[in-house]
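Undergrad: Sharing a structure with you now.
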Amino acid sequence: MAERSTAAVDVADNSGEQPLTAAAGKATTDGAAADKQVSTHKKSERAESESPARDAQSPELHSGHKLARRYRLEECVTRLEGFSSWRAVDEKLRRAVGVHLLPADHPRARPVLAAARSAALLGDPRFVQVLDAVEENDLVYVVHEWLPDATELTPVLASGPLEPHEAYQLVNQVSQAMAAAHREGLAHLRLNPGSVLRTGTGQYRIRGLAVMAALRGISSEHPQRTDTEAIGALLYAALTQRWPYESNAHGLSGLPKGVGLIAPDQVRAGVHRGLSELAMRALVNDGATASRQEKPCTTPEELAKAVAAMPRIRPPESAYSAPPAYSRPSVPRNGGPVHPLPVAPPPPLQSRTGRALKWSVSALLIAALGLGSWQLADTLLKDGEKDTPRSQSSGDDTPGRPTNKPITITNAAQYAPDHVLQDKDPVQRTYDNNPKTYWRTASFNDGPSIVPYKGGIGIVYDLGSKQQVSAATVDLRYAGDHTKATLYAVDSLSPSGPVSGMQKISSGTTAMKTLKLTLQKPVETQYVLLWITALPFSPYDSQTFSSAGYKQAINEVKFIG
């Protein structure tokens, strides 16, 4: 399990768990026309407002309290309707976690336990994972991931609408994740900007699957329709920075009263037409339809297929471009004439006789040089045999020459200029001489190059002391088009500044599971940065619990002297 979680904002929405219907944590699949979003929202709001406040029945817990002699409560982030949500520490695994607590006799205790256990069985890394669900000492508590590197969509949208590529990634990832959940009979029913998290690598994670609806006592007769409309609302908000209903919600202004549901590209100029129509297809409500009258999307599966059928939206091009191959003469600021550059004189000996003479002279010179070089080399070799000690003539230990001996790695650390680390597993697995262990990157949705989003993924290796490095071999888990990496000589295990200011010593690309990096000449350094900038696409990996995407895992790294 990844050990991540994020700060909570809206009571139960601050949980990292995965909700389902309040009845049993299973969502009935429906293909028929579904509830209308407005009525569904009103029903949910009534259920929440009519629920009696049960704060008095909440367990009297405090910071420092331990559950199962393992989970130490740190900070209460929510207390509502008889349950509370906490930021806690798993002292056994030394990681932050989130915890939901409610009395065992609470009317929602059983549905919450059932929801949490169903969500935990899903095991999909696109959802914030449920780690534990326990009834103990008159308490029911659910433990979930805490994602310190992730940000709720709420503050992201507060800063402005998303670029088309980001909005496309949002609806693509969330619809696919929810389609997978519904195939297992799980619904969310509380999808909103507070339950969607964006990680530092640009991935979206959904929290509250099944558990959040159970905590709030929310159910739906048509859960697939409810979740689909919720995804449509997220896309609408991402494109317009407006909530697609008349009421304000999640820090966003609603639509003007009386105008109904209007397309995003009519709300804000410059909205991507295809995404605007997609939002309307998911948000079909009270007669509102997409501008081209396409069939509405009533399930996450249908929405995911509609996204896949769209032309792919590429990320914006980098603001940096290669310098021109040549420079044009500058025009004087005062507007004076530009003097043409002088024309180089033609090369000599352009006539037929001149060319023949030129080749004759060249042949004679080459012959003379060859004879002189052979005589000189023969003399030097004989003198060298007389004067050079055997220990030096072997060349094994001569500085600047490869020895072809392996170099022992004594330590390693991740290098992340953006402060967003990758796998929680130790990077020491990349040089433990055990091919069964590995260190993996996150899964990216675009590639092979990850430079536009991440810049690169790095590990710095400590060779113990200054060594003559002549080559490196990187054993990889995934093959495909393609993995690209560069070696840099750096000054410490935690170098500062971008790679552009470091000494580049080698670079290579491979479509295989082994990447060999050879230096033109050995470089003396104690610290070497392995900087990966392109990753191959690989499907979901059940062994690493990594979702499909552009990713890589490193089994072993070896340096040669």
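In the structure tokens, chains take the letters A, B, ... in the order shown, each chain's residues start at 1, and ligands count up from 1 in the order shown.
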Run DSSP on the backbone of this structure and report the residues of segment 214-271 of chain A it assigns to strand (DSSP E or B), as a list in words.
TA: Arg242, Ala249, Leu252 and Ser253 of chain A
Undergrad: Could you give me, as an NGL selection string, the residues within 12 Å of Lys513 of chain A, counting only C-alpha atoms and dropping anything in the same chain fewer than 4 positions from it?
TA: :A and (473-484 or 509 or 535-536 or 552-556)
Undergrad: Could you save those same residues with N, CA and C atoms as a compact mmCIF listing (two decimals), in the first residue's frame?
TA:
# COMPACT_ATOMS: atom_id res chain seq x y z
N THR A 473 25.22 0.07 -15.91
CA THR A 473 24.18 -0.81 -16.45
C THR A 473 22.95 -0.69 -15.55
N VAL A 474 21.78 -0.47 -16.16
CA VAL A 474 20.53 -0.33 -15.42
C VAL A 474 19.59 -1.44 -15.88
N ASP A 475 19.27 -2.37 -14.97
CA ASP A 475 18.32 -3.44 -15.27
C ASP A 475 16.91 -2.96 -14.94
N LEU A 476 16.01 -3.04 -15.92
CA LEU A 476 14.68 -2.47 -15.83
C LEU A 476 13.61 -3.56 -15.77
N ARG A 477 12.44 -3.21 -15.30
CA ARG A 477 11.33 -4.16 -15.21
C ARG A 477 10.49 -4.17 -16.49
N TYR A 478 10.32 -2.99 -17.11
CA TYR A 478 9.42 -2.89 -18.26
C TYR A 478 10.19 -2.58 -19.53
N ALA A 479 9.87 -3.30 -20.59
CA ALA A 479 10.41 -3.00 -21.91
C ALA A 479 9.38 -2.18 -22.68
N GLY A 480 9.78 -1.68 -23.83
CA GLY A 480 8.84 -0.91 -24.66
C GLY A 480 9.44 0.41 -25.07
N ASP A 481 8.69 1.13 -25.85
CA ASP A 481 9.13 2.40 -26.42
C ASP A 481 8.75 3.55 -25.48
N HIS A 482 9.73 4.08 -24.78
CA HIS A 482 11.12 3.75 -24.61
C HIS A 482 11.56 4.36 -23.27
N THR A 483 12.72 3.90 -22.75
CA THR A 483 13.30 4.46 -21.53
C THR A 483 14.53 5.27 -21.90
N LYS A 484 14.61 6.49 -21.38
CA LYS A 484 15.77 7.35 -21.63
C LYS A 484 16.32 7.83 -20.29
N THR A 509 19.28 5.53 -24.53
CA THR A 509 17.87 5.20 -24.71
C THR A 509 17.76 3.72 -25.07
N LEU A 535 9.71 7.20 -20.27
CA LEU A 535 9.28 5.92 -19.73
C LEU A 535 8.40 5.20 -20.74
N PRO A 536 8.47 3.87 -20.82
CA PRO A 536 7.60 3.13 -21.75
C PRO A 536 6.20 2.95 -21.16
N GLN A 552 8.20 2.96 -15.03
CA GLN A 552 9.37 2.10 -15.06
C GLN A 552 9.68 1.66 -13.64
N ALA A 553 10.34 0.53 -13.52
CA ALA A 553 10.84 0.04 -12.23
C ALA A 553 12.28 -0.42 -12.44
N ILE A 554 13.13 -0.13 -11.47
CA ILE A 554 14.55 -0.44 -11.57
C ILE A 554 14.87 -1.62 -10.65
N ASN A 555 15.43 -2.67 -11.24
CA ASN A 555 15.85 -3.82 -10.44
C ASN A 555 17.26 -3.65 -9.89
N GLU A 556 18.22 -3.38 -10.76
CA GLU A 556 19.61 -3.27 -10.32
C GLU A 556 20.33 -2.20 -11.13
Undergrad: Output as a tab-separated table one row per residue of segment 65-100 of chain A within 10 Å of segment 216-231 of chain A: the closest atom pair and its distance in Å to one decimal place, counting only C-alpha atoms, sorted by chain and residue number ascending.
TA:
residue	atom	partner	partner_atom	distance
A:Leu80	CA	A:Arg216	CA	9.4
A:Glu81	CA	A:Arg216	CA	8.1
A:Phe83	CA	A:Arg216	CA	9.6
Undergrad: Extract the full set of alpha helix (DSSP H) residues from segment 169-283 of chain A according to DSSP on the backbone, and format it as JSON, numbers by chain.
TA: {"A": [169, 170, 171, 172, 173, 174, 175, 176, 177, 178, 179, 180, 181, 182, 183, 211, 212, 213, 214, 215, 216, 223, 224, 225, 226, 227, 228, 229, 230, 231, 232, 233, 234, 235, 236, 237, 238, 239, 240, 264, 265, 266, 267, 273, 274, 275, 276, 277, 278, 279, 280, 281, 282]}
Undergrad: One decimal, in Å: what's the spacing between atom CA of Arg79 of chain A and atom CA of Tyr204 of chain A?
TA: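 We find that atom CA of Arg79 of chain A and atom CA of Tyr204 of chain A lie 26.4 Å from each other.
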Undergrad: Determine the nearest neighbour of Phe559 of chain A from the options A:Ala263, A:Ala119, A:Leu139, A:Ala472, counting only C-alpha atoms.
TA: A:Ala472
Undergrad: Which residues, written as JSON, numbers by chain, have at least one atom at most 10 Å from segment 249-258 of chain A, with only C-alpha atoms counted and residues fewer than 5 positions away on the same chain left out?
TA: {"A": [10, 153, 154, 155, 157, 158, 192, 193, 194, 237, 240, 241, 242, 243, 244, 267]}
Undergrad: Just want the 10 Å neighbourhood of Asp432 of chain A, counted on only C-alpha atoms, with same-chain residues fewer than 4 positions away dropped. Output as number ranges by chain.
TA: A: 409, 427-428, 436-438, 555-557
Undergrad: Taking only C-alpha atoms into account, which of A:Ser538, A:Thr518, A:Lys558, A:Asn445 comes nearest Leu463 of chain A?
TA: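 Smallest distance to Leu463 of chain A is found for A:Lys558.
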Undergrad: Excluding segment 457-462 of chain A and residues on its chain fewer than 2 positions from it, collect all residues at most 7 Å away from it, counting only C-alpha atoms, and give them as an MDAnalysis selection string.
TA: chainID A and resid 409:416 464 493 526:533
Undergrad: What's the separation between atom CA of Gln169 of chain A and atom CA of Pro300 of chain A, in Å to one decimal place?
TA: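 Those two atoms sit 14.9 Å apart.
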